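**Student:** Below are the structure tokens for one structure; questions will follow.
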2 protein chains.
Amino acid sequence: MLCIKTGGPAAQDRGEYLELSLPPLQEMTRFHYVWLRDHCMCDDCFVKDTEQRKLDTALIPADIAPSEVAVSSKDSSLTIVWKEPNEHRTVLSFDFLLKNRYSIDTPEIINPSYRRPKKTLWSGPELQKVPVSVQFNDLVDESSDKGRADAFQALSMYGVVFIDGTPPTPESSEKVASRLVGFCRSTHYGHYWDFTPNLEHADTAYTTIRLELHTDTTYFSEPAGLQMLHLIENKKTKGGKSMLADGFYAAERLRRLHPDSWSFLSSKVLRFRYDDQANRMRTETRIIGHNPSDDSYEFIRWNSDDRAPLNCLSFEDVPKFYKAVRDWVSVLRSPEVTAMFQLQPGRCMIFDNWRVLHGRDSFEAAGGVRRMCGCYMQRDDVLSLTRVLCADRPEMWRDAPAEQD
Amino acid sequence: MLCIKTGGPAAQDRGEYLELSLPPLQEMTRFHYVWLRDHCMCDDCFVKDTEQRKLDTALIPADIAPSEVAVSSKDSSLTIVWKEPNEHRTVLSFDFLLKNRYSIDTPEIINPSYRRPKKTLWSGPELQKVPVSVQFNDLVDESSDKGRADAFQALSMYGVVFIDGTPPTPESSEKVASRLVGFCRSTHYGHYWDFTPNLEHADTAYTTIRLELHTDTTYFSEPAGLQMLHLIENKKTKGGKSMLADGFYAAERLRRLHPDSWSFLSSKVLRFRYDDQANRMRTETRIIGHNPSDDSYEFIRWNSDDRAPLNCLSFEDVPKFYKAVRDWVSVLRSPEVTAMFQLQPGRCMIFDNWRVLHGRDSFEAAGGVRRMCGCYMQRDDVLSLTRVLCADRPEMWRDAPAEQD
């Protein structure tokens, strides 16, 4: 039998795996030798600069075995010398092993996912009360990331942030996006928009008609993550108030009031499309992205205008769909859910397009000017920056940090 | 009972739906009245310029009913006058109804999805023989879209295209991307790259070590769609051959040789990550995205270097995972699967990052120069442009065109 030197916790060789007592855990923890070899972090196996694996995992022999195992309380680490090749040595800290252990004996527990953000849902009237304002000067202050972190915190918890005091120019608005995330997400609508109502693009957003609450780019396989909109000029126009709604709050309300419609919209796949001369965007998606495993919401995708001809449901489901739409829209449009307000130049609005629905009342622009600028930002970058900049704000997270957060 | 005027096919009012004989179908087709009202395409209900719905679907009464129904063979259309409000009139062509009918009596048939592209799988040696070369001059020719369509056809069928005769400059290479899709997808790596080996970014791609076959941005929730790489300068270097493999071909081979490993990698979710000082990218995904409903592949995501610590599998699954990796990598690295070749300046390479794995042998650059430029392009835009530019190439599609294609 293998000789195990323990200057501390107990360890047992079990053939293809090692059983280890990892304080403060009571029960023994098991690690396959192939796993331990795969997670070696020496310079030959791991690129510290890039935190990337360098070891060729596929070449680890299936029957890899140690020639020596040493457990040290003093160093809080496990050291293994491998039989082959060349007596390679692997040292792993107890801390790493604790955070990344993949099973304990009873019950079988799988590590939770990455740290998940807390979401605070808001009703329409509550939007005025939640802390979703960050000053432009604080955001663009290069000497501190506090303004950025505040903005990401608001976006993560509430799905919306207003950058107040933004000079009403395209340049300053673009500076908001470039300071926040660094770059925009280009689409067929362009890179950064600066528009007055016309039909430059084949989309109702470029007209003056009322736009009911919706999310953007429902027809992308991955819809835009954040949307920024800044009304930089608004002269002699009538109407055009903005609307926002927390889609997760609305979904929870739908679930309570019309559970059958909630079930329908969170399970049935529908089709969305965008067409112009150069583009045919198509996608299939649920309206309500609910994750039953932890009862959380992942996304809302809803734009009735962009629904493709409804040909993907069964005869029995068609009336259920129309009932679900009536219920969903009645919830969305209630004053309990919709916040309606007049945007003013200087108040740059950014919202999570996977959660918050936006809309705009119709307006008259004859003789006046309504000029809006904005852009999309990519979801991955937003989540990534939130993890980095808000790592030390425990109030934002549902879970304690893990090694991989 | 409702009076139905038919100057042709039979129609029957069934209370909440209409039963209609639509030539050339033998069986009757059923449409709920609420569906017929929702698909009205008059100027009040539909914005023809944008092909978007203008009608407020949620306001259609659940019990909407017609006051008149007329079926005309001469006009090949169905006309309905609605009881309320205001005797609104809806005219729908037989063609539209045929293409978007959602059920027939027996059996219940749900319309197929959007038109799906045909994929022709290739082994390593076959890459030399498949038609995946488009001339730069044909691509950038503004007077014709044929070169673009050829490139999208190659990408759609084979997942790769070489733009040959591209002048070896950053400007000309960028022109390839801007002519093909119109814009790049920006990431934390930048908008458009022009790099020589260094550690500017925290990624092994910026070093000189061998890069095994992988896909890029495994840690994005939606990985980059296309990747363009153009080796614009290669002087006095040794090694550095390029590798490509058709991930779908490899997956099929894995399925045949090691069905248990194929099942594992196409069902178990793993974690990928990217870390540097400013970013913490995280995602969870299967390696092989296989869709059992029509036995098709959606994606391959694989970069062993970017795997997060393996803490999401059960004790029993850990050895299965390492076996699956050994099997998968042995398939990928076999000469049957991998194509290996020396890229030359002038041969701009573009591949589908959701299907084709790429790699690069190690190289020595001491005293020499290896300069590469390239970018990512977004998947939605690629699929959209392929639908538009290749609409009339039936050899590319598995299904006949439908209304919504």
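Naming scheme: A, B, ... for chains in displayed order of the structure tokens; residues 1 onward per chain; ligands 1 onward as shown.
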For chain A against chain B, which residues fall within 7 Å using only C-alpha atoms, given as a PyMOL selection string?
**Tutor:** chain A and resi 49-54+58+100-103+110-111+185-186+202-203+220-222+275-276+278-281+305-306+309+311-315+325-326+329+380+384-385+387-388
**Student:** Using only C-alpha atoms, which residues sit within 6 Å of Leu229 of chain B once same-chain residues fewer than 5 positions away are excluded, as a ChimeraX atom specification?
**Tutor:** /B:349,373-374
**Student:** If I take atom CA of Thr285 of chain B and atom CA of Cys375 of chain A, how far is one from the other in Å, to one decimal?
**Tutor:**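 Those two atoms sit 28.3 Å apart.
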**Student:** Can you tell me which residues surround Asp145 of chain A at a distance of at most 12 Å, considering only C-alpha atoms, apart from same-chain residues fewer than 3 positions away, and format the answer as a ChimeraX atom specification?
**Tutor:** /A:137-142,148-152,179-181,385-386,388-390 /B:278
**Student:** So that I have them on file, write out the residues from the current selection with C-alpha atoms, as a short mmCIF file (atom, residue, chain, number, x, y, z; two decimals), in the first residue's frame.
**Tutor:**
```cif
data_model
loop_
_atom_site.label_atom_id
_atom_site.label_comp_id
_atom_site.auth_asym_id
_atom_site.auth_seq_id
_atom_site.Cartn_x
_atom_site.Cartn_y
_atom_site.Cartn_z
CA ASN A 137 -19.01 63.03 -13.17
CA ASP A 138 -18.69 60.08 -10.79
CA LEU A 139 -18.95 57.60 -13.64
CA VAL A 140 -16.35 59.20 -15.88
CA ASP A 141 -13.93 59.92 -13.02
CA GLU A 142 -10.87 57.96 -14.14
CA ARG A 148 -18.84 52.39 -12.50
CA ALA A 149 -19.41 49.89 -9.71
CA ASP A 150 -22.46 51.87 -8.53
CA ALA A 151 -23.86 51.76 -12.05
CA PHE A 152 -23.26 48.02 -12.38
CA ARG A 179 -16.44 54.41 -19.67
CA LEU A 180 -18.99 51.88 -18.45
CA VAL A 181 -18.21 48.87 -20.66
CA LEU A 385 -17.31 43.72 -15.26
CA THR A 386 -19.95 43.39 -12.56
CA VAL A 388 -14.83 42.32 -11.09
CA LEU A 389 -15.99 45.75 -9.94
CA CYS A 390 -18.62 44.58 -7.46
CA ALA B 278 -10.44 43.68 -15.85
#
```
**Student:** Can you tell me how far atom CA of Ser266 of chain B sits from atom CA of Glu298 of chain B, in Å to one decimal?
**Tutor:** 10.7 Å
**Student:** Taking into account only C-alpha atoms, which residue in the set A:Thr6, A:Ser123, A:Ser133, A:Gln26 is nearest to Ser334 of chain A?
**Tutor:**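 Among the listed residues, the smallest separation from Ser334 of chain A belongs to A:Ser123.
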**Student:** Extract, using only C-alpha atoms, all DNA, RNA and protein residues at most 6 Å from segment 346-348 of chain A, discarding same-chain residues fewer than 5 positions from it, and format them as a PDB file with N, CA, C and O atoms, in the first residue's frame.
**Tutor:**
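Once everything was written out, this is part-v8.pdb:
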```pdb
ATOM      1  N   PHE A 162     -29.785  55.417 -14.209  1.00  0.00           N
ATOM      2  CA  PHE A 162     -29.819  56.706 -14.898  1.00  0.00           C
ATOM      3  C   PHE A 162     -28.502  57.419 -14.626  1.00  0.00           C
ATOM      4  O   PHE A 162     -28.113  57.577 -13.464  1.00  0.00           O
ATOM      5  N   ILE A 163     -27.821  57.813 -15.688  1.00  0.00           N
ATOM      6  CA  ILE A 163     -26.589  58.580 -15.512  1.00  0.00           C
ATOM      7  C   ILE A 163     -26.986  60.053 -15.605  1.00  0.00           C
ATOM      8  O   ILE A 163     -27.203  60.587 -16.698  1.00  0.00           O
ATOM      9  N   ASP A 164     -27.119  60.661 -14.434  1.00  0.00           N
ATOM     10  CA  ASP A 164     -27.633  62.032 -14.374  1.00  0.00           C
ATOM     11  C   ASP A 164     -26.515  63.050 -14.525  1.00  0.00           C
ATOM     12  O   ASP A 164     -25.389  62.820 -14.098  1.00  0.00           O
ATOM     13  N   GLY A 165     -26.881  64.168 -15.151  1.00  0.00           N
ATOM     14  CA  GLY A 165     -25.893  65.216 -15.382  1.00  0.00           C
ATOM     15  C   GLY A 165     -25.028  64.944 -16.599  1.00  0.00           C
ATOM     16  O   GLY A 165     -23.961  65.540 -16.759  1.00  0.00           O
ATOM     17  N   THR A 166     -25.483  64.051 -17.461  1.00  0.00           N
ATOM     18  CA  THR A 166     -24.735  63.791 -18.691  1.00  0.00           C
ATOM     19  C   THR A 166     -24.961  64.952 -19.658  1.00  0.00           C
ATOM     20  O   THR A 166     -26.108  65.273 -19.974  1.00  0.00           O
ATOM     21  N   PRO A 167     -23.902  65.599 -20.107  1.00  0.00           N
ATOM     22  CA  PRO A 167     -24.103  66.677 -21.083  1.00  0.00           C
ATOM     23  C   PRO A 167     -24.873  66.146 -22.292  1.00  0.00           C
ATOM     24  O   PRO A 167     -24.568  65.059 -22.781  1.00  0.00           O
ATOM     25  N   PRO A 168     -25.892  66.875 -22.743  1.00  0.00           N
ATOM     26  CA  PRO A 168     -26.764  66.363 -23.803  1.00  0.00           C
ATOM     27  C   PRO A 168     -26.129  66.461 -25.187  1.00  0.00           C
ATOM     28  O   PRO A 168     -26.622  67.177 -26.053  1.00  0.00           O
ATOM     29  N   HIS A 230     -30.357  58.107 -24.659  1.00  0.00           N
ATOM     30  CA  HIS A 230     -30.256  59.453 -24.108  1.00  0.00           C
ATOM     31  C   HIS A 230     -30.988  60.412 -25.048  1.00  0.00           C
ATOM     32  O   HIS A 230     -30.622  60.550 -26.212  1.00  0.00           O
TER      33      HIS A 230
END
```
**Student:** Neighbouring residues of segment 241-253 of chain B were defined as those with any atom within 6 Å, considering only C-alpha atoms; residues of the same chain fewer than 5 positions away were excluded. Please report them as an NGL selection string.
**Tutor:** :B and (121 or 337-342 or 355-361)
**Student:** Considering only C-alpha atoms, return as a VMD selection string whatever protein or nucleic-acid residues lie within 7 Å of Pro66 of chain B, sequence-local ones (same chain, fewer than 5 positions apart) excluded.
**Tutor:** chain B and resid 80 to 83
**Student:** Can you spit out the residues from that selection as a short mmCIF file (atom, residue, chain, number, x, y, z; two decimals), in the first residue's frame, using all heavy atoms?
**Tutor:**
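The file below, again.cif, is the result:
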```
data_model
loop_
_atom_site.label_atom_id
_atom_site.label_comp_id
_atom_site.auth_asym_id
_atom_site.auth_seq_id
_atom_site.Cartn_x
_atom_site.Cartn_y
_atom_site.Cartn_z
N ILE B 80 -62.74 38.58 -44.51
CA ILE B 80 -63.61 38.54 -43.33
C ILE B 80 -63.96 39.96 -42.92
O ILE B 80 -63.08 40.83 -42.85
CB ILE B 80 -62.92 37.82 -42.15
CG1 ILE B 80 -62.63 36.37 -42.54
CG2 ILE B 80 -63.78 37.88 -40.90
CD1 ILE B 80 -61.99 35.56 -41.44
N VAL B 81 -65.25 40.20 -42.69
CA VAL B 81 -65.65 41.46 -42.08
C VAL B 81 -66.02 41.13 -40.64
O VAL B 81 -66.78 40.20 -40.38
CB VAL B 81 -66.86 42.09 -42.82
CG1 VAL B 81 -67.25 43.41 -42.15
CG2 VAL B 81 -66.51 42.31 -44.29
N TRP B 82 -65.41 41.88 -39.70
CA TRP B 82 -65.57 41.58 -38.27
C TRP B 82 -66.75 42.33 -37.70
O TRP B 82 -67.01 43.48 -38.07
CB TRP B 82 -64.29 41.92 -37.51
CG TRP B 82 -63.10 41.18 -38.06
CD1 TRP B 82 -62.15 41.67 -38.90
CD2 TRP B 82 -62.78 39.81 -37.84
NE1 TRP B 82 -61.24 40.70 -39.22
CE2 TRP B 82 -61.60 39.54 -38.58
CE3 TRP B 82 -63.36 38.78 -37.09
CZ2 TRP B 82 -61.00 38.28 -38.59
CZ3 TRP B 82 -62.77 37.53 -37.09
CH2 TRP B 82 -61.60 37.29 -37.84
N LYS B 83 -67.44 41.69 -36.75
CA LYS B 83 -68.58 42.33 -36.10
C LYS B 83 -68.16 43.61 -35.39
O LYS B 83 -68.88 44.58 -35.38
CB LYS B 83 -69.20 41.37 -35.06
CG LYS B 83 -70.18 40.39 -35.69
CD LYS B 83 -70.92 39.63 -34.60
CE LYS B 83 -71.79 38.54 -35.21
NZ LYS B 83 -71.94 37.38 -34.33
#
```
**Student:** Could you jot down the atom CA of Pro9 of chain B to atom CA of Ser67 of chain B separation for me, Å, one decimal place?
**Tutor:**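 The value is 18.9 Å.
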**Student:** Where does DSSP see helix (DSSP H, G or I) in segment 120-328 of chain B, if you list the residues as a ChimeraX atom specification?
**Tutor:** /B:125-128,136-140,146-158,170-180,204-206,247-257,259-265,304-306,317-328
**Student:** Which of segment 240-283 of chain A counts as strand (DSSP E or B) under DSSP, as a ChimeraX atom specification please?
**Tutor:** /A:242-246,270-275,280-283
